[in-house]
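Q: This structure is in structure tokens; I'll ask about it shortly.
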Amino acid sequence: MTDPLAALSEAGVSVWLDDLSRERIESGNLAELVEQRHVVGVTTNPTIFAAAFAESERYTEQMRELKAAGVDLETAVFELMCTDVQRACDILRPVYDRTDGLDGRVSIEVDPGLARDTDGTVELAARLWQRVDRPNLFIKIPATREGLPAIAATIAEGISVNVTLIFSLERYRDVMDAYLYGLEQAAAEGRDLSAIESVASFFVSRVDSEIDPRLPEDSPLRGKAAIANARLAYEACEQVFSSERAQALLSQGGKLQRPLWASTGVKDPNYSDTLYVRELIVADSVNTMPEKTLLAFADHGEVPGDTVTGRYDEARDVLAQLEGLGISYDEVVAKLEDEGLEKFDASWAELLDTVREELDKA
């Protein structure tokens with residue numbers, strides 16, 4: 001097939017864009033990516049919104065309205081993000097309808113400052129769901145220990161969730177357990193399970209960014225850990241959702257919580273710019289890509305078939321070799337989770353500062 005993104009979609013990988021701005025929405029760029037580049041979903045985070053607000057004048061009018069209304073800073077940020085996400089949901093709605101709710105999704109993240117606050121996360125998730133008021137919304141909740149019960153409670157309320165910031169296989173299993181528990185609670189309350197969707201965002205490239213510098217320059221293990229980790233995550237997904245517990249929920253209309261490959265932009269210029277797409281091709285998965293990665297794959301991506309299943313032993317061997325070299329898997333993934341939260345906190349602070357400055361100008 002001469003269209004690599006079409007081939008990727010045919011292989012069962014949903015192509016999502018890891019970016020959103022009012023510029024994309026109002027210029028028609030997002031609609032164009034949906035129509036011409038097979039994009040069927042959008043993910044956002046505080047970093048993405050901080051960049052969008054700082055780089056565009058398309059928010060000025062709404063900033064003035066919020067200033068005139070006398071809202072506080074956090075309410076202003078809340079309204080600006082929800083407006084963009086709501087409009088993006090409307091653009092993706094035909095995809096949502098066509099895929100019976102599987103795709104056509106747009107994600108909005110809870111305040112990362114609540115990542116260690118279970119009740120605060122549940123409350124904000126409900127507020128975001130009500131404010132955006134679109135069935136094709138995903139609420140992003142970080143997979144911290146405190147986030148796990150929040151994920152279950154939010155799912156139990158019938159709210160679709162994108163679980164984010166997953167690095168470890170153990171935590172990923174905890175996430176799937178929280179999702180299934182949430183579905184069980186929803187079923188007990190008589191909710192329609194078929195209306196609840198979820199994805200689990202398993203982070204990829206940051207694993208190599210942390211491990212590669214610990215290896216010799218000529219090590220054959222460089223650039224291998226992230227893909228091995230993600231492949232074993234897919235194996236875990238297969239195991240969990242083939243269980244009697246999961247199958248019972250699926251028989252009641254519950255949906256598979258698809259793994260979503262996140263952080264798939266290549267950080268090391270020595271690697272192929274499509275590495276984390278080509279090596280993670282498997283059915284019932286999502287790959288959310290920065291536009292640079294998306295366009296690179298559209299230009300010269302390769303789809304050799306399933307590059308995940310059947311390679312689990314090979315993946316285990318990679319992680320075993322790293323342990324043999326004294327690189328602790330548990331230490332690496334714990335560090336990555338902490339750093340991920342710190343980065344989102346920093347981006348949130350930047351976001352607040354940006355909006356504060358713009359409100360002052362208004």
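Residue numbers start at 1 in each chain; chains themselves are named A, B, ... in the order of the structure tokens; ligands are numbered from 1 in the order shown.
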Apply DSSP to the backbone of this structure and, from region 123-348 of chain A, keep only the residues in alpha helix (DSSP H); write these as a ChimeraX atom specification.
A: /A:123-132,147-156,169-188,205-211,225-241,244-250,275-278,291-300,312-324,329-348
Q: Compile the contact shell of Ile139 (chain A) as a ChimeraX atom specification: residues with an atom at most 10 Å away, counting only C-alpha atoms, same-chain residues fewer than 5 positions apart removed.
A: /A:106-110,124-126,128-129,151,154,159-164,198
Q: Produce a file of the selected residues containing all heavy atoms, as a CSV table (one decimal), in the first residue's frame.
A:
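Final output, selection-v1.csv:
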chain,number,residue,atom,x,y,z
A,106,VAL,N,-11.2,12.6,21.9
A,106,VAL,CA,-10.3,13.7,22.3
A,106,VAL,C,-10.1,13.7,23.8
A,106,VAL,O,-11.0,13.5,24.5
A,106,VAL,CB,-10.9,15.1,21.9
A,106,VAL,CG1,-9.9,16.2,22.2
A,106,VAL,CG2,-11.2,15.1,20.4
A,107,SER,N,-8.8,13.7,24.2
A,107,SER,CA,-8.5,13.6,25.6
A,107,SER,C,-8.2,15.0,26.3
A,107,SER,O,-7.5,15.8,25.7
A,107,SER,CB,-7.3,12.7,25.8
A,107,SER,OG,-7.6,11.4,25.4
A,108,ILE,N,-8.7,15.1,27.5
A,108,ILE,CA,-8.3,16.3,28.3
A,108,ILE,C,-7.9,15.8,29.7
A,108,ILE,O,-8.4,14.9,30.3
A,108,ILE,CB,-9.5,17.3,28.4
A,108,ILE,CG1,-9.0,18.6,29.1
A,108,ILE,CG2,-10.7,16.7,29.2
A,108,ILE,CD1,-10.1,19.7,29.0
A,109,GLU,N,-6.8,16.4,30.2
A,109,GLU,CA,-6.2,15.9,31.4
A,109,GLU,C,-6.6,16.6,32.7
A,109,GLU,O,-6.8,17.9,32.6
A,109,GLU,CB,-4.7,16.0,31.3
A,109,GLU,CG,-3.9,15.3,32.4
A,109,GLU,CD,-2.6,14.8,32.0
A,109,GLU,OE1,-2.2,14.8,30.8
A,109,GLU,OE2,-1.8,14.3,32.8
A,110,VAL,N,-6.8,15.9,33.8
A,110,VAL,CA,-7.0,16.6,35.0
A,110,VAL,C,-5.8,17.3,35.5
A,110,VAL,O,-4.7,17.0,35.0
A,110,VAL,CB,-7.4,15.5,36.1
A,110,VAL,CG1,-8.7,14.8,35.8
A,110,VAL,CG2,-6.3,14.5,36.4
A,124,LEU,N,-12.7,16.5,39.8
A,124,LEU,CA,-12.4,17.3,38.6
A,124,LEU,C,-12.8,16.5,37.3
A,124,LEU,O,-13.2,17.1,36.3
A,124,LEU,CB,-10.9,17.6,38.6
A,124,LEU,CG,-10.5,18.5,37.4
A,124,LEU,CD1,-11.3,19.8,37.3
A,124,LEU,CD2,-9.0,18.9,37.6
A,125,ALA,N,-12.6,15.2,37.3
A,125,ALA,CA,-12.9,14.4,36.1
A,125,ALA,C,-14.4,14.6,35.8
A,125,ALA,O,-14.8,14.7,34.7
A,125,ALA,CB,-12.6,12.9,36.4
A,126,ALA,N,-15.3,14.5,36.9
A,126,ALA,CA,-16.7,14.7,36.6
A,126,ALA,C,-17.0,16.1,36.1
A,126,ALA,O,-17.8,16.3,35.2
A,126,ALA,CB,-17.4,14.5,37.9
A,128,LEU,N,-15.0,18.1,34.4
A,128,LEU,CA,-14.5,18.2,33.0
A,128,LEU,C,-15.5,17.5,32.0
A,128,LEU,O,-15.9,18.0,30.9
A,128,LEU,CB,-13.1,17.6,32.8
A,128,LEU,CG,-12.0,18.4,33.4
A,128,LEU,CD1,-10.7,17.5,33.5
A,128,LEU,CD2,-11.7,19.6,32.6
A,129,TRP,N,-16.0,16.3,32.4
A,129,TRP,CA,-16.9,15.6,31.6
A,129,TRP,C,-18.2,16.4,31.4
A,129,TRP,O,-18.7,16.4,30.3
A,129,TRP,CB,-17.2,14.2,32.3
A,129,TRP,CG,-18.1,13.3,31.6
A,129,TRP,CD1,-19.4,13.1,31.8
A,129,TRP,CD2,-17.8,12.4,30.5
A,129,TRP,NE1,-19.9,12.1,31.0
A,129,TRP,CE2,-18.9,11.7,30.1
A,129,TRP,CE3,-16.6,12.2,29.8
A,129,TRP,CZ2,-18.9,10.8,29.1
A,129,TRP,CZ3,-16.6,11.3,28.8
A,129,TRP,CH2,-17.7,10.6,28.4
A,151,ILE,N,-9.5,6.2,38.9
A,151,ILE,CA,-9.8,5.6,37.6
A,151,ILE,C,-11.0,4.7,37.8
A,151,ILE,O,-12.0,4.8,37.0
A,151,ILE,CB,-8.6,4.8,37.1
A,151,ILE,CG1,-7.4,5.8,36.7
A,151,ILE,CG2,-9.0,4.0,35.8
A,151,ILE,CD1,-6.1,5.1,36.6
A,154,THR,N,-14.2,6.8,38.5
A,154,THR,CA,-14.6,7.5,37.3
A,154,THR,C,-15.3,6.6,36.3
A,154,THR,O,-16.3,6.9,35.7
A,154,THR,CB,-13.4,8.3,36.7
A,154,THR,OG1,-12.9,9.1,37.7
A,154,THR,CG2,-13.9,9.1,35.5
A,159,ILE,N,-18.0,7.4,33.0
A,159,ILE,CA,-17.1,8.4,32.3
A,159,ILE,C,-16.0,7.6,31.6
A,159,ILE,O,-15.3,6.9,32.3
A,159,ILE,CB,-16.6,9.4,33.3
A,159,ILE,CG1,-17.8,10.2,33.8
A,159,ILE,CG2,-15.6,10.4,32.6
A,159,ILE,CD1,-17.5,11.2,35.0
A,160,SER,N,-15.7,7.9,30.4
A,160,SER,CA,-14.6,7.2,29.6
A,160,SER,C,-13.3,7.9,30.0
A,160,SER,O,-13.2,9.1,30.2
A,160,SER,CB,-14.8,7.4,28.1
A,160,SER,OG,-16.0,6.6,27.7
A,161,VAL,N,-12.3,7.0,30.2
A,161,VAL,CA,-11.0,7.4,30.8
A,161,VAL,C,-9.8,7.0,29.9
A,161,VAL,O,-9.8,5.9,29.4
A,161,VAL,CB,-10.8,6.8,32.2
A,161,VAL,CG1,-9.4,7.2,32.7
A,161,VAL,CG2,-11.9,7.4,33.1
A,162,ASN,N,-8.9,7.9,29.7
A,162,ASN,CA,-7.6,7.7,29.2
A,162,ASN,C,-6.6,7.7,30.3
A,162,ASN,O,-6.3,8.7,30.9
A,162,ASN,CB,-7.2,8.7,28.1
A,162,ASN,CG,-5.8,8.6,27.6
A,162,ASN,OD1,-5.0,7.8,28.1
A,162,ASN,ND2,-5.5,9.4,26.5
A,163,VAL,N,-6.1,6.5,30.7
A,163,VAL,CA,-5.2,6.4,31.8
A,163,VAL,C,-3.8,6.7,31.3
A,163,VAL,O,-3.3,6.1,30.3
A,163,VAL,CB,-5.2,5.0,32.4
A,163,VAL,CG1,-4.2,5.0,33.6
A,163,VAL,CG2,-6.6,4.6,32.8
A,164,THR,N,-3.1,7.7,31.9
A,164,THR,CA,-1.9,8.2,31.3
A,164,THR,C,-0.7,7.9,32.2
A,164,THR,O,-0.9,7.6,33.4
A,164,THR,CB,-2.0,9.7,30.9
A,164,THR,OG1,-0.8,10.1,30.2
A,164,THR,CG2,-2.1,10.5,32.2
A,198,SER,N,-12.2,3.0,27.2
A,198,SER,CA,-10.9,3.4,28.0
A,198,SER,C,-9.7,3.0,27.1
A,198,SER,O,-9.8,2.0,26.4
A,198,SER,CB,-10.9,2.8,29.3
A,198,SER,OG,-9.7,3.2,30.1
Q: Each residue of region 40-157 of chain A with at least one atom at most 12 Å from region 249-272 of chain A should appear once, together with its nearest atom pair and the corresponding distance in Å (one decimal); atoms considered: only C-alpha atoms; ordering: chain, then increasing residue number; output as a tab-separated table.
A:
residue	atom	partner	partner_atom	distance
A:Gly41	CA	A:Leu260	CA	11.2
A:Val42	CA	A:Ala262	CA	11.7
A:Thr43	CA	A:Ala262	CA	9.4
A:Thr44	CA	A:Ala262	CA	11.2
A:Asn45	CA	A:Ala262	CA	11.7
A:Asp100	CA	A:Lys255	CA	11.5
A:Gly101	CA	A:Lys255	CA	10.3
A:Leu102	CA	A:Lys255	CA	9.0
A:Asp103	CA	A:Arg258	CA	10.9
A:Ile155	CA	A:Gly254	CA	11.2
A:Ala156	CA	A:Gly254	CA	11.9
Q: List every residue of region 144-269 of chain A that DSSP, applied to the backbone, labels as strand (DSSP E or B), and write the result as number ranges by chain.
A: A: 161-166, 198-203, 258-262
Q: Counting only C-alpha atoms, figure out which residue out of A:Gly310, A:Pro304, A:Pro135, A:Pro220 gets nearest to Leu322 (chain A).
A: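 Ranking A:Gly310, A:Pro304, A:Pro135, A:Pro220 by distance to Leu322 (chain A), first place goes to A:Pro220.
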Q: For Val15 (chain A), work out the shell of residues within 8 Å, counting only C-alpha atoms and skipping chain neighbours fewer than 3 positions away, then give it as a ChimeraX atom specification.
A: /A:5,8-9,38-41,286-289
Q: Please produce a file of the residues just selected, as an mmCIF file, in the first residue's frame, where the atoms kept are C-alpha atoms.
A:
data_model
loop_
_atom_site.group_PDB
_atom_site.id
_atom_site.type_symbol
_atom_site.label_atom_id
_atom_site.label_comp_id
_atom_site.auth_asym_id
_atom_site.auth_seq_id
_atom_site.Cartn_x
_atom_site.Cartn_y
_atom_site.Cartn_z
ATOM 1 C CA LEU A 5 -0.809 5.587 7.487
ATOM 2 C CA LEU A 8 -1.055 1.190 9.660
ATOM 3 C CA SER A 9 -4.774 1.688 10.203
ATOM 4 C CA HIS A 38 -6.186 8.900 8.805
ATOM 5 C CA VAL A 39 -6.129 10.666 12.190
ATOM 6 C CA VAL A 40 -8.964 9.278 14.328
ATOM 7 C CA GLY A 41 -8.171 10.759 17.742
ATOM 8 C CA VAL A 286 -3.511 3.153 19.432
ATOM 9 C CA ASN A 287 -0.414 5.163 18.559
ATOM 10 C CA THR A 288 -0.620 8.858 19.426
ATOM 11 C CA MET A 289 2.078 10.758 17.546
#
Q: Mind pulling up the distance from CA of Asp212 (chain A) to CA of Ile327 (chain A)?
A: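 Distance between the two atoms: 10.4 Å.
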Q: Just want the 8 Å neighbourhood of Arg145 (chain A), counted on only C-alpha atoms, with same-chain residues fewer than 3 positions away dropped. Output as JSON, numbers by chain.
A: {"A": [116, 148, 149]}
Q: Suppose we keep C-alpha atoms; can you now write the selection as a PDB file, in the first residue's frame?
A:
ATOM      1  CA  ARG A 116      -1.729  12.196  44.452  1.00  0.00           C
ATOM      2  CA  LEU A 148      -5.913   3.933  40.498  1.00  0.00           C
ATOM      3  CA  PRO A 149      -9.013   4.227  42.731  1.00  0.00           C
TER       4      PRO A 149
END
